[in-house]
Amino acid sequence: MAHENGTHKLTEHGALNHVPMYRSRPVRIALYYALGGLIWVAMSDRVLSLMPAHSYTLNRLMFVCVNALLLYLVAARYMKTIRISVAAREEALVRARGYFESSVEGIVSADSNGMIRQLNPRGQDMFGYHEMELVGQPIEILVPQRFHYRHEAHRSAFFAAPRSRSMGRGMEIAGRRKDGSEFPVEISLNVVHTHRGKLVIAFIADITERRAMEREARRNETVDALAAVAAGIAHELNNPLAVMASRIELMLASDQDLSAQTRDDLLVLQKNIERASRISHNMLSLARQRPGSRQTVDMNVAVEEAMLIVGAEPKGVMLRYETSLDRSLPPLMAEPTGIEQVLINFILNARDAGAHLIRIETAAAPGRPGYLRLSISDDGAGIPRDVLAKLFQPFFTTKAKGTGLGLWLSQRIVQDHGGNIAVESEVGKGTTFAITLPTMSEASSERMTLPRDDRPPPQVASAQSGRSGR
Amino acid sequence: MAAQAKILIVDDERDLVDAYVRLLQRAGHTCLAAFDANEAIQLIDAESPDLVITDLSLPDTSGIEIIRHIRAKSATTPIIVMSGHNTPELNNAAHAAGANISLLKPVSIAELQRVIVEALGR
């Protein structure tokens, strides 16, 4: 068993460090008793001679008895010390094994030739090797090929002047798995001296997640900065847009006779100014500060209201809505305008995809107590696989008149409410967006106590590529 | 139905004020125009308009000052904020000062008419 093997080796090193501590005491005790014995030997004849010489044999017997007792005491004391030290040693070993095996960091040790001596279970998970495959292999097997040359040089330098330090400070360092893939790591190095030479112990942390979070934070910063710029531009545009809109209205409302062509042209201008102001308003909502106040929102009512708002707009094609609303759903604690915006965005998207039938469904989220699921399905054009991956990116759009902000904003709003969006699409068949949101049901308190791992990752949306393109 | 009213429009965008004045006059209102807060406050004191439509960013001071000035005189004069900015902070500040309605530019004249009727009807 690899672990057993490993711990044995560790015990060896671990024990070595403790030798002076538990061996010195029995030696000291033995010395005391030996000294006592010597004094007794030196003195015994004189002591005995002082006693009335009833029997020389009796005296001799007494001498032997006293010496035997002395020896017994020494031996018993020594055995006790040994027992204690063995127990202490075993405890130290168990402790060390515990540290080694339960560490959340990977631990790998290597000798001065750079040969791997041990790898703990976490390290085995991290690198995808079994310990047996690695023991005796050069440590470079865990380092990406392109760093080998440099790593060997660093290793020699480190052994020449070993001291505990973190590795590759200020550099991005990577580990290499058995399958050749790489992952970012943070490593701290320590040296222990054993009777078989120096041993380097490296503590390795897989920082993939931290890197991802840092990237996400940087991306969010960029997006926020962009949003601020966009909002600034939108603010500046609103005044001239208002001037143009009002002048066109003035002309259209004037008593002067306008030719049919001019009237037509003005109407086109008016329509495009409306479009420009819609884009501008969209950009403004990007820079929306913290979400507004939350109140109870009945998702079914929100759906009906959104359909009223959207349904009012004329559309050339035949379009049918179908709803299946679960009236028993508990309400949400949500920002009403945000939820409305999300619903309108998805309905408009379905319409823009050329749908003839839009199906809106509310229901309890399957398998997720305390959540509801709202799905908006259409029989429109469907979304190609490559587009699906970028669907929720800001400023990404396939529509001639789109701002590329609708879905991104929707996702942000849904995430703000503790929900997520999943999408399934097939080219030529249609698309389904499924929004999962926490409700105010009693189950929601239960939800709070679920371990984090039970929650689906927030990126479900872009990760589920659905059936498209297969 | 208070369709005819004396309305003060405050905005530093002269082209916009001009158009709104003409459109509102067409609807039968009497219109006053001011291009900065100072001018607006003088007109408010001199003319006591029935309704005020104001921008928030003005060359001399914020439209909030105008709202405060009106509210110091009259608790009931309807105040409509019409601005190119709609951050929650600005909106909250305007409403805290006493504005009744806030609109985000551009506002169509039909929408403005509806809001004016609603505000006067209160």
# chains A, B, ... in the order shown; residues from 1 in each chain; ligands from 1
>>> interface_residues(of="chain B", to="chain A", cutoff="8 Å", atoms="only C-alpha atoms", output="tab-separated table (two decimals) with C-alpha atoms, in the first residue's frame")
chain	number	residue	atom	x	y	z
B	13	GLU	CA	-30.50	72.98	-24.12
B	15	ASP	CA	-33.13	73.91	-28.97
B	16	LEU	CA	-35.00	71.52	-26.75
B	19	ALA	CA	-39.37	72.84	-29.28
B	20	TYR	CA	-41.15	71.89	-26.05
B	22	ARG	CA	-43.91	75.40	-29.15
B	23	LEU	CA	-45.38	71.93	-28.70
B	84	GLY	CA	-30.60	62.73	-19.47
B	85	HIS	CA	-29.34	61.09	-16.28
B	86	ASN	CA	-31.40	58.60	-14.42
B	87	THR	CA	-29.09	57.21	-11.77
B	88	PRO	CA	-30.98	56.10	-8.67
B	105	LYS	CA	-34.87	62.06	-22.09
B	106	PRO	CA	-35.84	61.89	-24.81
B	107	VAL	CA	-39.50	62.20	-23.90
B	108	SER	CA	-42.08	62.21	-26.65
B	109	ILE	CA	-44.55	65.07	-26.53
>>> residues_around(residues="A:Val310", least_positions_apart="6", cutoff="9 Å", atoms="only C-alpha atoms", output="PyMOL selection string")
chain A and resi 344+347-348
>>> select_by_dssp(residues="stretch 304-432 of chain A", states="helix (DSSP H, G or I)", output="number ranges by chain")
A: 304-311, 336-352, 385-390, 406-416
>>> residues_around(residues="stretch 159-165 of chain A", least_positions_apart="5", cutoff="8 Å", atoms="only C-alpha atoms", output="list in words")
Ser112, Ser188, Leu189, Asn190 and Val191 of chain A
>>> closest_residue(among="B:Ile80, B:Ala27, B:Ala72, B:Ala46", to="B:Val10", atoms="only C-alpha atoms")
B:Ile80
>>> atom_distance(atom1="atom CA of B:Gln25", atom2="atom CA of B:Val117")
14.2 Å
>>> atom_distance(atom1="atom CA of A:Ile207", atom2="atom CA of A:Val94")
28.7 Å
>>> atom_distance(atom1="atom CA of A:Leu267", atom2="atom CA of A:Leu308")
25.1 Å
>>> select_by_dssp(residues="stretch 119-243 of chain A", states="strand (DSSP E or B)", output="tab-separated table (two decimals) with N, CA and C atoms, in the first residue's frame")
chain	number	residue	atom	x	y	z
A	119	LEU	N	4.77	11.25	-2.03
A	119	LEU	CA	3.73	12.16	-2.52
A	119	LEU	C	2.48	11.84	-1.73
A	138	PRO	N	12.52	11.58	-11.32
A	138	PRO	CA	12.96	12.97	-11.08
A	138	PRO	C	11.75	13.88	-10.88
A	165	ARG	N	11.43	28.70	1.65
A	165	ARG	CA	10.96	29.87	0.89
A	165	ARG	C	9.84	29.45	-0.03
A	166	SER	N	9.15	30.45	-0.60
A	166	SER	CA	8.16	30.09	-1.60
A	166	SER	C	8.86	30.04	-2.95
A	173	ILE	N	3.82	29.89	-11.89
A	173	ILE	CA	4.37	28.55	-12.06
A	173	ILE	C	3.25	27.54	-12.20
A	174	ALA	N	3.58	26.49	-12.92
A	174	ALA	CA	2.54	25.52	-13.26
A	174	ALA	C	3.00	24.11	-12.93
A	175	GLY	N	2.02	23.26	-12.61
A	175	GLY	CA	2.29	21.84	-12.42
A	175	GLY	C	1.83	21.09	-13.65
A	176	ARG	N	2.40	19.89	-13.85
A	176	ARG	CA	2.02	19.11	-15.04
A	176	ARG	C	1.42	17.80	-14.58
A	182	GLU	N	-1.77	21.17	-17.74
A	182	GLU	CA	-1.08	21.99	-16.74
A	182	GLU	C	-2.07	22.71	-15.85
A	183	PHE	N	-1.64	23.06	-14.69
A	183	PHE	CA	-2.49	23.86	-13.80
A	183	PHE	C	-1.61	24.78	-12.96
A	184	PRO	N	-2.13	25.98	-12.66
A	184	PRO	CA	-1.32	26.94	-11.92
A	184	PRO	C	-1.16	26.51	-10.46
A	185	VAL	N	0.04	26.67	-9.94
A	185	VAL	CA	0.29	26.24	-8.56
A	185	VAL	C	1.05	27.32	-7.79
A	186	GLU	N	0.98	27.14	-6.49
A	186	GLU	CA	1.79	27.96	-5.60
A	186	GLU	C	2.55	26.96	-4.73
A	187	ILE	N	3.84	27.15	-4.60
A	187	ILE	CA	4.65	26.13	-3.92
A	187	ILE	C	5.53	26.77	-2.86
A	188	SER	N	5.55	26.17	-1.66
A	188	SER	CA	6.55	26.61	-0.70
A	188	SER	C	7.49	25.44	-0.42
A	189	LEU	N	8.77	25.78	-0.29
A	189	LEU	CA	9.80	24.76	-0.15
A	189	LEU	C	10.36	24.76	1.26
A	190	ASN	N	10.62	23.57	1.77
A	190	ASN	CA	11.24	23.44	3.09
A	190	ASN	C	12.31	22.36	3.02
A	191	VAL	N	13.31	22.49	3.87
A	191	VAL	CA	14.39	21.50	3.88
A	191	VAL	C	14.41	20.82	5.24
A	192	VAL	N	14.56	19.50	5.24
A	192	VAL	CA	14.84	18.81	6.50
A	192	VAL	C	16.12	18.01	6.31
A	193	HIS	N	16.85	17.90	7.40
A	193	HIS	CA	18.11	17.15	7.33
A	193	HIS	C	17.87	15.78	7.93
A	194	THR	N	18.19	14.76	7.19
A	194	THR	CA	18.05	13.40	7.69
A	194	THR	C	19.42	12.74	7.67
A	197	GLY	N	20.80	12.46	4.30
A	197	GLY	CA	21.03	13.67	3.51
A	197	GLY	C	19.85	14.62	3.58
A	198	LYS	N	19.98	15.68	2.82
A	198	LYS	CA	18.92	16.69	2.82
A	198	LYS	C	17.70	16.17	2.07
A	199	LEU	N	16.55	16.61	2.56
A	199	LEU	CA	15.31	16.23	1.91
A	199	LEU	C	14.52	17.52	1.72
A	200	VAL	N	14.07	17.73	0.50
A	200	VAL	CA	13.26	18.92	0.25
A	200	VAL	C	11.79	18.52	0.29
A	201	ILE	N	11.01	19.28	1.05
A	201	ILE	CA	9.57	19.03	1.07
A	201	ILE	C	8.87	20.22	0.44
A	202	ALA	N	8.11	19.94	-0.59
A	202	ALA	CA	7.40	21.02	-1.27
A	202	ALA	C	5.91	20.92	-0.96
A	203	PHE	N	5.34	22.03	-0.55
A	203	PHE	CA	3.90	22.12	-0.33
A	203	PHE	C	3.29	22.80	-1.54
A	204	ILE	N	2.32	22.12	-2.16
A	204	ILE	CA	1.82	22.59	-3.45
A	204	ILE	C	0.32	22.89	-3.34
A	205	ALA	N	-0.05	24.11	-3.70
A	205	ALA	CA	-1.47	24.47	-3.69
A	205	ALA	C	-1.93	24.66	-5.14
A	206	ASP	N	-3.02	24.02	-5.50
A	206	ASP	CA	-3.61	24.20	-6.83
A	206	ASP	C	-4.42	25.49	-6.79
>>> residues_around(residues="A:Asp352", least_positions_apart="5", cutoff="10 Å", atoms="only C-alpha atoms", output="list in words")
Phe346, Ile347, Gly380, Ala381 and Lys399 of chain A
>>> closest_residue(among="B:Thr30, B:Leu8, B:Ser57, B:Val81", to="B:Gln42", atoms="only C-alpha atoms")
B:Leu8
>>> residues_around(residues="B:Ile41", least_positions_apart="5", cutoff="9 Å", atoms="only C-alpha atoms", output="list in words")
Ala34, Asp36, Ala46, Glu65, Ile66, His69 and Ile70 of chain B
>>> residues_around(residues="A:Asn120", least_positions_apart="4", cutoff="9 Å", atoms="only C-alpha atoms", output="VMD selection string")
chain A and resid 3 6 100 to 103 105 to 108 124 to 125 131
>>> write_last_selection(atoms="N, CA and C atoms", output="JSON list (two decimals), in the first residue's frame")
[["chain", "number", "residue", "atom", "x", "y", "z"],
["A", 3, "HIS", "N", 0.36, 4.30, 0.78],
["A", 3, "HIS", "CA", 0.35, 5.22, 1.92],
["A", 3, "HIS", "C", 1.18, 4.65, 3.06],
["A", 6, "GLY", "N", 4.62, 5.10, 2.41],
["A", 6, "GLY", "CA", 4.94, 6.51, 2.57],
["A", 6, "GLY", "C", 5.12, 6.87, 4.03],
["A", 100, "PHE", "N", 0.16, 14.66, 6.89],
["A", 100, "PHE", "CA", 0.59, 14.32, 5.53],
["A", 100, "PHE", "C", -0.60, 13.91, 4.67],
["A", 101, "GLU", "N", -1.46, 13.06, 5.25],
["A", 101, "GLU", "CA", -2.52, 12.49, 4.43],
["A", 101, "GLU", "C", -3.75, 13.38, 4.32],
["A", 102, "SER", "N", -3.97, 14.23, 5.31],
["A", 102, "SER", "CA", -5.19, 15.04, 5.25],
["A", 102, "SER", "C", -4.92, 16.45, 4.74],
["A", 103, "SER", "N", -3.68, 16.74, 4.41],
["A", 103, "SER", "CA", -3.35, 18.09, 3.97],
["A", 103, "SER", "C", -4.14, 18.47, 2.71],
["A", 105, "GLU", "N", -3.10, 20.69, 0.86],
["A", 105, "GLU", "CA", -2.06, 20.97, -0.12],
["A", 105, "GLU", "C", -1.40, 19.66, -0.51],
["A", 106, "GLY", "N", -0.89, 19.64, -1.72],
["A", 106, "GLY", "CA", -0.12, 18.48, -2.13],
["A", 106, "GLY", "C", 1.25, 18.56, -1.46],
["A", 107, "ILE", "N", 1.74, 17.43, -0.97],
["A", 107, "ILE", "CA", 3.07, 17.45, -0.36],
["A", 107, "ILE", "C", 3.93, 16.44, -1.10],
["A", 108, "VAL", "N", 5.07, 16.92, -1.60],
["A", 108, "VAL", "CA", 5.98, 16.01, -2.27],
["A", 108, "VAL", "C", 7.38, 16.23, -1.69],
["A", 124, "GLN", "N", -1.35, 13.25, -5.11],
["A", 124, "GLN", "CA", -1.67, 12.22, -6.12],
["A", 124, "GLN", "C", -2.91, 12.63, -6.92],
["A", 125, "ASP", "N", -3.93, 13.16, -6.19],
["A", 125, "ASP", "CA", -5.14, 13.65, -6.88],
["A", 125, "ASP", "C", -4.79, 14.77, -7.84],
["A", 131, "GLU", "N", 1.27, 7.17, -6.22],
["A", 131, "GLU", "CA", 2.57, 7.45, -5.62],
["A", 131, "GLU", "C", 3.66, 6.51, -6.15]]
>>> residues_around(residues="B:Ala40", least_positions_apart="6", cutoff="12 Å", atoms="only C-alpha atoms", output="ChimeraX atom specification")
/B:7-12,32-34,46-49,52-55,58-67,69-70
>>> closest_residue(among="A:Leu343, A:Val229, A:Ile82, A:Leu405", to="A:Ile279", atoms="only C-alpha atoms")
A:Leu405
>>> decode(residues="stretch 55-100 of chain B", atoms="C-alpha atoms", output="JSON list (two decimals), in the first residue's frame")
[["chain", "number", "residue", "atom", "x", "y", "z"],
["B", 55, "ASP", "CA", -33.50, 69.41, -16.04],
["B", 56, "LEU", "CA", -31.11, 68.47, -13.25],
["B", 57, "SER", "CA", -27.76, 69.48, -14.72],
["B", 58, "LEU", "CA", -27.79, 73.22, -15.30],
["B", 59, "PRO", "CA", -24.90, 75.57, -15.95],
["B", 60, "ASP", "CA", -25.04, 77.47, -12.66],
["B", 61, "THR", "CA", -26.38, 75.02, -10.12],
["B", 62, "SER", "CA", -28.29, 71.78, -9.90],
["B", 63, "GLY", "CA", -31.99, 71.54, -10.69],
["B", 64, "ILE", "CA", -32.35, 70.26, -7.13],
["B", 65, "GLU", "CA", -31.95, 73.90, -5.98],
["B", 66, "ILE", "CA", -34.92, 74.91, -8.14],
["B", 67, "ILE", "CA", -37.01, 72.10, -6.67],
["B", 68, "ARG", "CA", -36.12, 73.22, -3.13],
["B", 69, "HIS", "CA", -36.94, 76.82, -4.01],
["B", 70, "ILE", "CA", -40.37, 75.84, -5.30],
["B", 71, "ARG", "CA", -41.09, 73.62, -2.34],
["B", 72, "ALA", "CA", -40.13, 76.45, 0.04],
["B", 73, "LYS", "CA", -42.91, 78.50, -1.55],
["B", 74, "SER", "CA", -45.49, 75.90, -2.46],
["B", 75, "ALA", "CA", -46.02, 72.34, -1.37],
["B", 76, "THR", "CA", -48.39, 71.54, -4.21],
["B", 77, "THR", "CA", -46.89, 72.89, -7.46],
["B", 78, "PRO", "CA", -46.23, 69.77, -9.55],
["B", 79, "ILE", "CA", -42.57, 69.33, -10.45],
["B", 80, "ILE", "CA", -41.48, 67.10, -13.31],
["B", 81, "VAL", "CA", -37.80, 66.28, -13.62],
["B", 82, "MET", "CA", -36.72, 65.62, -17.20],
["B", 83, "SER", "CA", -33.11, 64.61, -17.38],
["B", 84, "GLY", "CA", -30.60, 62.73, -19.47],
["B", 85, "HIS", "CA", -29.34, 61.09, -16.28],
["B", 86, "ASN", "CA", -31.40, 58.60, -14.42],
["B", 87, "THR", "CA", -29.09, 57.21, -11.77],
["B", 88, "PRO", "CA", -30.98, 56.10, -8.67],
["B", 89, "GLU", "CA", -28.93, 58.60, -6.62],
["B", 90, "LEU", "CA", -30.05, 61.55, -8.74],
["B", 91, "ASN", "CA", -33.64, 60.34, -8.80],
["B", 92, "ASN", "CA", -33.68, 59.85, -5.05],
["B", 93, "ALA", "CA", -32.17, 63.29, -4.47],
["B", 94, "ALA", "CA", -34.76, 64.93, -6.74],
["B", 95, "HIS", "CA", -37.63, 63.12, -5.05],
["B", 96, "ALA", "CA", -36.27, 63.86, -1.61],
["B", 97, "ALA", "CA", -36.17, 67.56, -2.55],
["B", 98, "GLY", "CA", -39.81, 67.37, -3.60],
["B", 99, "ALA", "CA", -40.02, 66.39, -7.27],
["B", 100, "ASN", "CA", -43.17, 64.47, -8.21]]
